[in-house]
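K.L.:
Enclosed is the structure file coords13.pdb (PDB, C-alpha atoms).
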```pdb
ATOM      1  CA  MET T  27       6.222 -19.272  -4.004  1.00  0.00           C
ATOM      2  CA  LEU T  28       5.703 -17.602  -7.353  1.00  0.00           C
ATOM      3  CA  ASP T  29       4.250 -19.672 -10.176  1.00  0.00           C
ATOM      4  CA  ILE T  30       6.541 -18.815 -13.112  1.00  0.00           C
ATOM      5  CA  ALA T  31       4.192 -20.445 -15.642  1.00  0.00           C
ATOM      6  CA  LYS T  32       1.412 -18.132 -14.467  1.00  0.00           C
ATOM      7  CA  ILE T  33       3.690 -15.095 -14.725  1.00  0.00           C
ATOM      8  CA  ARG T  34       4.446 -16.043 -18.321  1.00  0.00           C
ATOM      9  CA  HIS T  35       0.757 -16.635 -19.044  1.00  0.00           C
ATOM     10  CA  HIS T  36      -0.216 -13.216 -17.643  1.00  0.00           C
ATOM     11  CA  TYR T  37       2.665 -11.555 -19.494  1.00  0.00           C
ATOM     12  CA  PHE T  38       1.349 -12.727 -22.857  1.00  0.00           C
ATOM     13  CA  ASN T  39      -2.351 -12.602 -21.888  1.00  0.00           C
ATOM     14  CA  PRO T  40      -2.823  -9.567 -19.653  1.00  0.00           C
ATOM     15  CA  SER T  41      -6.195  -9.260 -17.988  1.00  0.00           C
ATOM     16  CA  ALA T  42      -7.993  -5.932 -17.997  1.00  0.00           C
ATOM     17  CA  GLU T  43      -7.262  -3.825 -14.936  1.00  0.00           C
ATOM     18  CA  ASP T  44     -10.175  -4.101 -12.536  1.00  0.00           C
ATOM     19  CA  SER T  45     -10.396  -1.898  -9.441  1.00  0.00           C
ATOM     20  CA  THR T  46     -12.771  -4.340  -7.746  1.00  0.00           C
ATOM     21  CA  ARG T  47     -10.237  -7.189  -7.799  1.00  0.00           C
ATOM     22  CA  PHE T  48      -6.704  -7.213  -6.495  1.00  0.00           C
ATOM     23  CA  PRO T  49      -4.291  -8.770  -9.019  1.00  0.00           C
ATOM     24  CA  SER T  50      -2.425 -11.938  -8.103  1.00  0.00           C
ATOM     25  CA  ARG T  51       1.296 -11.846  -7.355  1.00  0.00           C
ATOM     26  CA  GLU T  52       1.957 -13.395 -10.747  1.00  0.00           C
ATOM     27  CA  GLU T  53      -0.109 -10.725 -12.487  1.00  0.00           C
ATOM     28  CA  LEU T  54       1.888  -8.023 -10.706  1.00  0.00           C
ATOM     29  CA  TYR T  55       5.197  -9.530 -11.873  1.00  0.00           C
ATOM     30  CA  ALA T  56       3.893  -9.899 -15.444  1.00  0.00           C
ATOM     31  CA  ARG T  57       2.617  -6.299 -15.423  1.00  0.00           C
ATOM     32  CA  ALA T  58       5.978  -5.018 -14.134  1.00  0.00           C
ATOM     33  CA  GLU T  59       7.838  -6.931 -16.837  1.00  0.00           C
ATOM     34  CA  ARG T  60       5.574  -5.556 -19.601  1.00  0.00           C
ATOM     35  CA  ARG T  61       6.153  -2.037 -18.257  1.00  0.00           C
ATOM     36  CA  ALA T  62       9.918  -2.608 -18.202  1.00  0.00           C
ATOM     37  CA  VAL T  63       9.832  -3.654 -21.871  1.00  0.00           C
ATOM     38  CA  GLU T  64       7.668  -0.658 -22.820  1.00  0.00           C
ATOM     39  CA  LEU T  65       9.914   1.758 -20.936  1.00  0.00           C
ATOM     40  CA  CYS T  66      13.020   0.265 -22.521  1.00  0.00           C
ATOM     41  CA  ILE T  67      11.586   0.757 -26.014  1.00  0.00           C
ATOM     42  CA  LEU T  68      10.289   4.272 -25.234  1.00  0.00           C
ATOM     43  CA  THR T  69      13.730   5.356 -24.050  1.00  0.00           C
ATOM     44  CA  GLY T  70      15.468   3.983 -27.151  1.00  0.00           C
ATOM     45  CA  GLY T  71      16.734   0.795 -25.564  1.00  0.00           C
ATOM     46  CA  ASP T  72      16.662  -2.751 -26.852  1.00  0.00           C
ATOM     47  CA  PRO T  73      14.789  -5.331 -24.712  1.00  0.00           C
ATOM     48  CA  ARG T  74      16.938  -8.078 -26.292  1.00  0.00           C
ATOM     49  CA  GLU T  75      20.163  -6.442 -25.080  1.00  0.00           C
ATOM     50  CA  ASP T  76      18.702  -5.792 -21.632  1.00  0.00           C
ATOM     51  CA  GLY T  77      17.247  -9.305 -21.236  1.00  0.00           C
ATOM     52  CA  LEU T  78      13.698  -8.041 -20.773  1.00  0.00           C
ATOM     53  CA  GLY T  79      10.415  -9.774 -21.525  1.00  0.00           C
ATOM     54  CA  GLU T  80      10.788 -12.858 -23.704  1.00  0.00           C
ATOM     55  CA  HIS T  81      14.522 -12.096 -24.001  1.00  0.00           C
ATOM     56  CA  GLY T  82      15.074 -12.759 -20.276  1.00  0.00           C
ATOM     57  CA  ALA T  83      14.782 -15.894 -18.140  1.00  0.00           C
ATOM     58  CA  LEU T  84      11.665 -14.764 -16.250  1.00  0.00           C
ATOM     59  CA  ILE T  85       9.506 -14.811 -19.378  1.00  0.00           C
ATOM     60  CA  GLY T  86      11.739 -16.472 -21.988  1.00  0.00           C
ATOM     61  CA  GLY T  87      12.839 -19.409 -19.848  1.00  0.00           C
ATOM     62  CA  GLU T  88      16.077 -21.350 -19.604  1.00  0.00           C
ATOM     63  CA  GLY T  89      19.097 -20.196 -21.544  1.00  0.00           C
ATOM     64  CA  LYS T  90      18.069 -16.537 -21.319  1.00  0.00           C
ATOM     65  CA  PRO T  91      19.812 -13.977 -19.092  1.00  0.00           C
ATOM     66  CA  PRO T  92      18.508 -13.774 -15.510  1.00  0.00           C
ATOM     67  CA  ARG T  93      16.182 -10.882 -14.708  1.00  0.00           C
ATOM     68  CA  HIS T  94      17.327  -8.472 -11.997  1.00  0.00           C
ATOM     69  CA  ILE T  95      14.287  -6.681 -10.598  1.00  0.00           C
ATOM     70  CA  SER T  96      15.199  -3.577  -8.605  1.00  0.00           C
ATOM     71  CA  ARG T  97      11.682  -2.634  -7.496  1.00  0.00           C
ATOM     72  CA  ASP T  98       9.359  -5.133  -5.834  1.00  0.00           C
ATOM     73  CA  PRO T  99       6.406  -5.579  -8.233  1.00  0.00           C
ATOM     74  CA  GLU T 100       4.186  -6.524  -5.313  1.00  0.00           C
ATOM     75  CA  LEU T 101       4.606  -3.074  -3.801  1.00  0.00           C
ATOM     76  CA  ALA T 102       4.727  -0.891  -6.897  1.00  0.00           C
ATOM     77  CA  ASP T 103       1.781   1.248  -7.941  1.00  0.00           C
ATOM     78  CA  ARG T 104      -0.501   0.130  -5.136  1.00  0.00           C
ATOM     79  CA  VAL T 105      -3.459   2.212  -4.105  1.00  0.00           C
ATOM     80  CA  PRO T 106      -5.641   1.679  -1.057  1.00  0.00           C
ATOM     81  CA  PHE T 107      -8.773  -0.355  -1.652  1.00  0.00           C
ATOM     82  CA  PRO T 108     -12.045   1.622  -1.620  1.00  0.00           C
ATOM     83  CA  LEU T 109     -13.433   2.351   1.853  1.00  0.00           C
ATOM     84  CA  THR T 110     -16.349   0.004   1.167  1.00  0.00           C
ATOM     85  CA  TRP T 111     -13.832  -2.853   1.427  1.00  0.00           C
ATOM     86  CA  PHE T 112     -13.251  -1.915   5.092  1.00  0.00           C
ATOM     87  CA  GLN T 113     -16.863  -1.845   6.245  1.00  0.00           C
ATOM     88  CA  HIS T 114     -17.106  -5.466   7.340  1.00  0.00           C
ATOM     89  CA  PRO T 115     -17.674  -6.138  11.072  1.00  0.00           C
ATOM     90  CA  LYS T 116     -14.042  -6.971  11.922  1.00  0.00           C
ATOM     91  CA  ALA T 117     -12.770  -3.817  10.207  1.00  0.00           C
ATOM     92  CA  LEU T 118     -15.284  -1.641  12.047  1.00  0.00           C
ATOM     93  CA  SER T 119     -14.503  -3.005  15.523  1.00  0.00           C
ATOM     94  CA  LYS T 120     -12.149  -1.146  17.874  1.00  0.00           C
ATOM     95  CA  PRO T 121     -10.044  -2.614  20.645  1.00  0.00           C
ATOM     96  CA  PRO T 122     -10.744  -1.311  24.157  1.00  0.00           C
ATOM     97  CA  THR T 123      -7.736   0.966  24.631  1.00  0.00           C
ATOM     98  CA  PRO T 124      -7.243   3.251  27.664  1.00  0.00           C
ATOM     99  CA  PRO T 125      -7.143   6.954  26.664  1.00  0.00           C
ATOM    100  CA  GLU T 126      -3.698   7.449  28.206  1.00  0.00           C
ATOM    101  CA  ARG T 127      -2.303   4.644  26.040  1.00  0.00           C
ATOM    102  CA  VAL T 128      -3.844   6.236  22.934  1.00  0.00           C
ATOM    103  CA  ARG T 129      -2.358   9.644  23.824  1.00  0.00           C
ATOM    104  CA  GLY T 130       1.022   8.045  24.512  1.00  0.00           C
ATOM    105  CA  PHE T 131       1.080   6.175  21.205  1.00  0.00           C
ATOM    106  CA  PHE T 132       0.202   9.247  19.154  1.00  0.00           C
ATOM    107  CA  ALA T 133       2.676  11.355  21.161  1.00  0.00           C
ATOM    108  CA  HIS T 134       5.301   8.767  20.133  1.00  0.00           C
ATOM    109  CA  LEU T 135       4.294   9.161  16.452  1.00  0.00           C
ATOM    110  CA  SER T 136       4.260  12.959  16.669  1.00  0.00           C
ATOM    111  CA  GLY T 137       7.626  13.132  18.415  1.00  0.00           C
ATOM    112  CA  GLY T 138       9.242  10.564  16.156  1.00  0.00           C
ATOM    113  CA  HIS T 139       7.908  11.695  12.790  1.00  0.00           C
ATOM    114  CA  LEU T 140       6.942  15.349  13.171  1.00  0.00           C
ATOM    115  CA  ALA T 141       9.970  16.601  15.117  1.00  0.00           C
ATOM    116  CA  GLY T 142      10.775  20.049  13.824  1.00  0.00           C
ATOM    117  CA  TYR T 143       7.305  20.502  12.370  1.00  0.00           C
ATOM    118  CA  PRO T 144       5.922  23.951  13.340  1.00  0.00           C
ATOM    119  CA  ASP T 145       3.267  23.678  16.054  1.00  0.00           C
ATOM    120  CA  ARG T 146       3.681  19.917  16.218  1.00  0.00           C
ATOM    121  CA  PRO T 147       0.470  18.307  17.534  1.00  0.00           C
ATOM    122  CA  THR T 148       0.349  16.676  20.954  1.00  0.00           C
ATOM    123  CA  GLY T 149      -0.574  13.016  21.247  1.00  0.00           C
ATOM    124  CA  ALA T 150      -4.216  13.890  21.944  1.00  0.00           C
ATOM    125  CA  GLU T 151      -4.343  16.302  18.992  1.00  0.00           C
ATOM    126  CA  LEU T 152      -2.777  13.804  16.589  1.00  0.00           C
ATOM    127  CA  ALA T 153      -5.194  11.091  17.772  1.00  0.00           C
ATOM    128  CA  ARG T 154      -8.101  13.441  17.006  1.00  0.00           C
ATOM    129  CA  ILE T 155      -6.666  14.230  13.550  1.00  0.00           C
ATOM    130  CA  PHE T 156      -6.255  10.523  12.755  1.00  0.00           C
ATOM    131  CA  ARG T 157      -9.928   9.902  13.618  1.00  0.00           C
ATOM    132  CA  ALA T 158     -11.301  12.959  11.790  1.00  0.00           C
ATOM    133  CA  THR T 159     -13.580  12.556   8.788  1.00  0.00           C
ATOM    134  CA  ARG T 160     -12.167  15.776   7.316  1.00  0.00           C
ATOM    135  CA  MET T 161      -8.765  17.440   7.543  1.00  0.00           C
ATOM    136  CA  THR T 162      -7.308  20.852   6.979  1.00  0.00           C
ATOM    137  CA  ASP T 163      -4.384  21.077   4.555  1.00  0.00           C
ATOM    138  CA  VAL T 164      -1.970  21.307   7.489  1.00  0.00           C
ATOM    139  CA  GLU T 165      -3.491  18.234   9.191  1.00  0.00           C
ATOM    140  CA  ARG T 166      -3.341  16.293   5.923  1.00  0.00           C
ATOM    141  CA  ASP T 167       0.313  17.214   5.578  1.00  0.00           C
ATOM    142  CA  GLN T 168       1.040  16.146   9.158  1.00  0.00           C
ATOM    143  CA  VAL T 169      -0.621  12.751   8.687  1.00  0.00           C
ATOM    144  CA  TRP T 170       1.103  12.294   5.321  1.00  0.00           C
ATOM    145  CA  HIS T 171       4.459  12.935   7.021  1.00  0.00           C
ATOM    146  CA  VAL T 172       3.704  10.393   9.733  1.00  0.00           C
ATOM    147  CA  PHE T 173       2.875   7.731   7.133  1.00  0.00           C
ATOM    148  CA  ALA T 174       5.892   8.692   5.021  1.00  0.00           C
ATOM    149  CA  CYS T 175       8.208   7.938   7.951  1.00  0.00           C
ATOM    150  CA  ILE T 176       6.313   5.453  10.117  1.00  0.00           C
ATOM    151  CA  HIS T 177       8.177   2.314  11.083  1.00  0.00           C
ATOM    152  CA  LEU T 178       6.395  -0.720   9.735  1.00  0.00           C
ATOM    153  CA  TRP T 179       6.188  -2.237  13.224  1.00  0.00           C
ATOM    154  CA  ASP T 180       4.178   0.818  14.332  1.00  0.00           C
ATOM    155  CA  LEU T 181       1.393   0.196  11.814  1.00  0.00           C
ATOM    156  CA  PRO T 182      -0.327  -2.505  13.920  1.00  0.00           C
ATOM    157  CA  GLY T 183       0.037  -0.123  16.867  1.00  0.00           C
ATOM    158  CA  LEU T 184      -2.530   2.156  15.240  1.00  0.00           C
ATOM    159  CA  LEU T 185      -5.053  -0.596  16.007  1.00  0.00           C
ATOM    160  CA  SER T 186      -3.872  -1.841  19.398  1.00  0.00           C
ATOM    161  CA  ALA T 187      -2.194   1.097  21.131  1.00  0.00           C
ATOM    162  CA  GLY T 188      -3.921   3.757  19.021  1.00  0.00           C
ATOM    163  CA  GLY T 189      -7.374   2.282  19.586  1.00  0.00           C
ATOM    164  CA  MET T 190      -8.395   2.762  15.960  1.00  0.00           C
ATOM    165  CA  SER T 191     -10.520   0.516  13.808  1.00  0.00           C
ATOM    166  CA  VAL T 192      -9.190  -0.800  10.514  1.00  0.00           C
ATOM    167  CA  TYR T 193     -11.844   1.329   8.794  1.00  0.00           C
ATOM    168  CA  GLU T 194     -10.563   4.480  10.521  1.00  0.00           C
ATOM    169  CA  VAL T 195      -6.986   3.700   9.486  1.00  0.00           C
ATOM    170  CA  ALA T 196      -8.074   3.056   5.885  1.00  0.00           C
ATOM    171  CA  ARG T 197      -9.989   6.336   5.916  1.00  0.00           C
ATOM    172  CA  VAL T 198      -7.054   8.386   7.228  1.00  0.00           C
ATOM    173  CA  ILE T 199      -4.710   6.793   4.676  1.00  0.00           C
ATOM    174  CA  ARG T 200      -7.090   7.857   1.898  1.00  0.00           C
ATOM    175  CA  LEU T 201      -7.731  11.328   3.350  1.00  0.00           C
ATOM    176  CA  SER T 202      -3.998  12.016   3.645  1.00  0.00           C
ATOM    177  CA  LEU T 203      -3.404  10.836   0.063  1.00  0.00           C
ATOM    178  CA  THR T 204      -0.806   8.364   1.336  1.00  0.00           C
ATOM    179  CA  LEU T 205       0.554   6.021  -1.336  1.00  0.00           C
ATOM    180  CA  ARG T 206       3.630   4.672   0.460  1.00  0.00           C
ATOM    181  CA  PRO T 207       3.773   1.096  -0.832  1.00  0.00           C
ATOM    182  CA  HIS T 208       4.296  -0.663   2.512  1.00  0.00           C
ATOM    183  CA  VAL T 209       1.505   1.301   4.207  1.00  0.00           C
ATOM    184  CA  VAL T 210      -0.932   0.603   1.362  1.00  0.00           C
ATOM    185  CA  ALA T 211       0.043  -3.070   1.178  1.00  0.00           C
ATOM    186  CA  TRP T 212      -0.511  -3.404   4.951  1.00  0.00           C
ATOM    187  CA  ILE T 213      -3.966  -1.795   5.042  1.00  0.00           C
ATOM    188  CA  ASN T 214      -5.077  -3.711   1.950  1.00  0.00           C
ATOM    189  CA  LEU T 215      -4.483  -6.942   3.858  1.00  0.00           C
ATOM    190  CA  PHE T 216      -7.688  -6.155   5.776  1.00  0.00           C
ATOM    191  CA  GLY T 217      -9.839  -5.318   2.749  1.00  0.00           C
ATOM    192  CA  VAL T 218     -12.741  -7.564   1.814  1.00  0.00           C
ATOM    193  CA  PRO T 219     -14.855  -6.912  -1.289  1.00  0.00           C
ATOM    194  CA  PRO T 220     -18.375  -5.892  -0.173  1.00  0.00           C
ATOM    195  CA  GLU T 221     -19.987  -8.848  -1.954  1.00  0.00           C
ATOM    196  CA  GLU T 222     -17.793 -11.253   0.036  1.00  0.00           C
ATOM    197  CA  SER T 223     -18.361  -9.645   3.425  1.00  0.00           C
ATOM    198  CA  ALA T 224     -22.171  -9.837   3.332  1.00  0.00           C
TER     199      ALA T 224
END
```
Before we go any further, please render this structure as structure tokens.

P.N.:
Amino acid sequence: MLDIAKIRHHYFNPSAEDSTRFPSREELYARAERRAVELCILTGGDPREDGLGEHGALIGGEGKPPRHISRDPELADRVPFPLTWFQHPKALSKPPTPPERVRGFFAHLSGGHLAGYPDRPTGAELARIFRATRMTDVERDQVWHVFACIHLWDLPGLLSAGGMSVYEVARVIRLSLTLRPHVVAWINLFGVPPEESA
């Protein structure tokens, strides 16, 4: 449950953005509300008329118009944590997965998300691309397309059926320049700051 008092505190007292610390849910809501106010003013609007910031119930409290948020602040503007956050023992471990299961899983991803792509990779080829430490522009584009369309229930399959480590998944997300909010939010669940994982 969101702590509204904390959202209001962070709205009026924003902390400096720090790439080594993930902001709290309340900080994300406060940041989104400040951006909404700034955007309203920049586009010639009036935050009072639109019920934004202290003129809306989220920040201003009772008696103010309710705030309708159309974009989930917890998913907006997320970037994957640095790879160093995925170098703890659990993130580096791989499940024992039979090669045929790996090929089948990646064939499923290729068929489902790269249909119509010229020279679509086979399951074995896509598995190799996902594990690569470097990619060609075409491979990067293929992986980006998979992550752009992947069903959220297939993300854990990268670990179990795909036989990948969390570190490998984090690496391929970064290499493919994927910023899809749900994909980034999912991989960041496994991140641990290096000082905490020692």

K.L.:
On this structure, which residues satisfy the PyMOL selection byres ((chain T and resi 213) around 12), written as a JSON list (two decimals) with C-alpha atoms, in the coordinates of the input?

P.N.:
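Contents of result_26.json, freshly written:
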```
[["chain", "number", "residue", "atom", "x", "y", "z"],
["T", 104, "ARG", "CA", -0.50, 0.13, -5.14],
["T", 105, "VAL", "CA", -3.46, 2.21, -4.11],
["T", 106, "PRO", "CA", -5.64, 1.68, -1.06],
["T", 107, "PHE", "CA", -8.77, -0.36, -1.65],
["T", 108, "PRO", "CA", -12.04, 1.62, -1.62],
["T", 109, "LEU", "CA", -13.43, 2.35, 1.85],
["T", 111, "TRP", "CA", -13.83, -2.85, 1.43],
["T", 112, "PHE", "CA", -13.25, -1.92, 5.09],
["T", 117, "ALA", "CA", -12.77, -3.82, 10.21],
["T", 173, "PHE", "CA", 2.88, 7.73, 7.13],
["T", 178, "LEU", "CA", 6.40, -0.72, 9.74],
["T", 181, "LEU", "CA", 1.39, 0.20, 11.81],
["T", 182, "PRO", "CA", -0.33, -2.50, 13.92],
["T", 184, "LEU", "CA", -2.53, 2.16, 15.24],
["T", 185, "LEU", "CA", -5.05, -0.60, 16.01],
["T", 191, "SER", "CA", -10.52, 0.52, 13.81],
["T", 192, "VAL", "CA", -9.19, -0.80, 10.51],
["T", 193, "TYR", "CA", -11.84, 1.33, 8.79],
["T", 194, "GLU", "CA", -10.56, 4.48, 10.52],
["T", 195, "VAL", "CA", -6.99, 3.70, 9.49],
["T", 196, "ALA", "CA", -8.07, 3.06, 5.88],
["T", 197, "ARG", "CA", -9.99, 6.34, 5.92],
["T", 198, "VAL", "CA", -7.05, 8.39, 7.23],
["T", 199, "ILE", "CA", -4.71, 6.79, 4.68],
["T", 200, "ARG", "CA", -7.09, 7.86, 1.90],
["T", 204, "THR", "CA", -0.81, 8.36, 1.34],
["T", 205, "LEU", "CA", 0.55, 6.02, -1.34],
["T", 206, "ARG", "CA", 3.63, 4.67, 0.46],
["T", 207, "PRO", "CA", 3.77, 1.10, -0.83],
["T", 208, "HIS", "CA", 4.30, -0.66, 2.51],
["T", 209, "VAL", "CA", 1.50, 1.30, 4.21],
["T", 210, "VAL", "CA", -0.93, 0.60, 1.36],
["T", 211, "ALA", "CA", 0.04, -3.07, 1.18],
["T", 212, "TRP", "CA", -0.51, -3.40, 4.95],
["T", 214, "ASN", "CA", -5.08, -3.71, 1.95],
["T", 215, "LEU", "CA", -4.48, -6.94, 3.86],
["T", 216, "PHE", "CA", -7.69, -6.16, 5.78],
["T", 217, "GLY", "CA", -9.84, -5.32, 2.75],
["T", 218, "VAL", "CA", -12.74, -7.56, 1.81]]
```

K.L.:
Run the PyMOL selection byres ((chain T and resi 172) around 8) on the file and write out the hits as a count of residues only.

P.N.:
12

K.L.:
Can you tell me, as a list in words, what residues are no more than 7 Å from Gly189 (chain T) when counting only C-alpha atoms, ignoring any on the same chain fewer than 5 positions away?

P.N.:
Lys120, Pro121, Pro122, Thr123, Val128 and Leu184 of chain T

K.L.:
Evaluated on this file, the PyMOL selection byres ((chain T and resi 71-87) around 12) picks out some residues - which ones are they, written as a PyMOL selection string?

P.N.:
chain T and resi 28-38+52+55-70+88-95

K.L.:
Here is a test: counting only C-alpha atoms, which residue of T:Leu54, T:Met27, T:Leu201, T:Ala133 is nearest to Thr162 (chain T)?

P.N.:
T:Leu201

K.L.:
State, in Å with one decimal place, the distance from CA of Arg127 (chain T) to CA of Gly188 (chain T).

P.N.:
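Taking CA of Arg127 (chain T) and CA of Gly188 (chain T), their separation equals 7.3 Å.
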
K.L.:
Do you have the CA of Glu165 (chain T)-CA of Trp179 (chain T) distance handy?

P.N.:
23.0 Å

K.L.:
Please rebuild region 141-150 of chain T with all heavy atoms and return the result as an mmCIF file, keeping the file's coordinate frame.

P.N.:
```cif
data_model
loop_
_atom_site.group_PDB
_atom_site.id
_atom_site.type_symbol
_atom_site.label_atom_id
_atom_site.label_comp_id
_atom_site.auth_asym_id
_atom_site.auth_seq_id
_atom_site.Cartn_x
_atom_site.Cartn_y
_atom_site.Cartn_z
ATOM 1 N N ALA T 141 9.002 15.762 14.411
ATOM 2 C CA ALA T 141 9.970 16.601 15.117
ATOM 3 C C ALA T 141 10.418 17.714 14.173
ATOM 4 O O ALA T 141 10.717 17.477 13.012
ATOM 5 C CB ALA T 141 11.165 15.765 15.555
ATOM 6 N N GLY T 142 10.392 18.920 14.659
ATOM 7 C CA GLY T 142 10.775 20.049 13.824
ATOM 8 C C GLY T 142 9.619 20.651 13.044
ATOM 9 O O GLY T 142 9.753 21.705 12.434
ATOM 10 N N TYR T 143 8.489 19.976 13.059
ATOM 11 C CA TYR T 143 7.305 20.502 12.370
ATOM 12 C C TYR T 143 6.765 21.673 13.191
ATOM 13 O O TYR T 143 6.614 21.548 14.409
ATOM 14 C CB TYR T 143 6.249 19.395 12.254
ATOM 15 C CG TYR T 143 5.244 19.611 11.160
ATOM 16 C CD1 TYR T 143 5.372 18.972 9.942
ATOM 17 C CD2 TYR T 143 4.164 20.477 11.339
ATOM 18 C CE1 TYR T 143 4.441 19.158 8.925
ATOM 19 C CE2 TYR T 143 3.236 20.678 10.332
ATOM 20 C CZ TYR T 143 3.388 20.014 9.117
ATOM 21 O OH TYR T 143 2.476 20.220 8.112
ATOM 22 N N PRO T 144 6.454 22.815 12.572
ATOM 23 C CA PRO T 144 5.922 23.951 13.340
ATOM 24 C C PRO T 144 4.615 23.573 14.040
ATOM 25 O O PRO T 144 3.750 22.935 13.437
ATOM 26 C CB PRO T 144 5.678 25.032 12.281
ATOM 27 C CG PRO T 144 6.420 24.591 11.072
ATOM 28 C CD PRO T 144 6.578 23.104 11.154
ATOM 29 N N ASP T 145 4.478 23.961 15.274
ATOM 30 C CA ASP T 145 3.267 23.678 16.054
ATOM 31 C C ASP T 145 2.890 22.202 15.997
ATOM 32 O O ASP T 145 1.742 21.831 15.734
ATOM 33 C CB ASP T 145 2.085 24.542 15.559
ATOM 34 C CG ASP T 145 2.380 26.027 15.689
ATOM 35 O OD1 ASP T 145 2.941 26.424 16.726
ATOM 36 O OD2 ASP T 145 2.055 26.774 14.750
ATOM 37 N N ARG T 146 3.882 21.370 16.246
ATOM 38 C CA ARG T 146 3.681 19.917 16.218
ATOM 39 C C ARG T 146 2.535 19.530 17.154
ATOM 40 O O ARG T 146 2.470 19.986 18.286
ATOM 41 C CB ARG T 146 4.978 19.237 16.646
ATOM 42 C CG ARG T 146 4.914 17.732 16.706
ATOM 43 C CD ARG T 146 6.289 17.134 16.886
ATOM 44 N NE ARG T 146 7.009 17.594 18.053
ATOM 45 C CZ ARG T 146 6.950 17.016 19.247
ATOM 46 N NH1 ARG T 146 6.195 15.956 19.441
ATOM 47 N NH2 ARG T 146 7.644 17.493 20.253
ATOM 48 N N PRO T 147 1.606 18.674 16.683
ATOM 49 C CA PRO T 147 0.470 18.307 17.534
ATOM 50 C C PRO T 147 0.887 17.429 18.710
ATOM 51 O O PRO T 147 1.825 16.647 18.613
ATOM 52 C CB PRO T 147 -0.450 17.537 16.585
ATOM 53 C CG PRO T 147 0.423 17.054 15.481
ATOM 54 C CD PRO T 147 1.541 18.053 15.354
ATOM 55 N N THR T 148 0.149 17.551 19.795
ATOM 56 C CA THR T 148 0.349 16.676 20.954
ATOM 57 C C THR T 148 -0.213 15.299 20.592
ATOM 58 O O THR T 148 -0.863 15.127 19.549
ATOM 59 C CB THR T 148 -0.408 17.211 22.174
ATOM 60 O OG1 THR T 148 -1.821 17.149 21.889
ATOM 61 C CG2 THR T 148 0.004 18.633 22.521
ATOM 62 N N GLY T 149 -0.021 14.351 21.477
ATOM 63 C CA GLY T 149 -0.574 13.016 21.247
ATOM 64 C C GLY T 149 -2.085 13.048 21.112
ATOM 65 O O GLY T 149 -2.655 12.420 20.213
ATOM 66 N N ALA T 150 -2.748 13.798 21.999
ATOM 67 C CA ALA T 150 -4.216 13.890 21.944
ATOM 68 C C ALA T 150 -4.678 14.564 20.655
ATOM 69 O O ALA T 150 -5.658 14.136 20.031
ATOM 70 C CB ALA T 150 -4.735 14.655 23.155
#
```
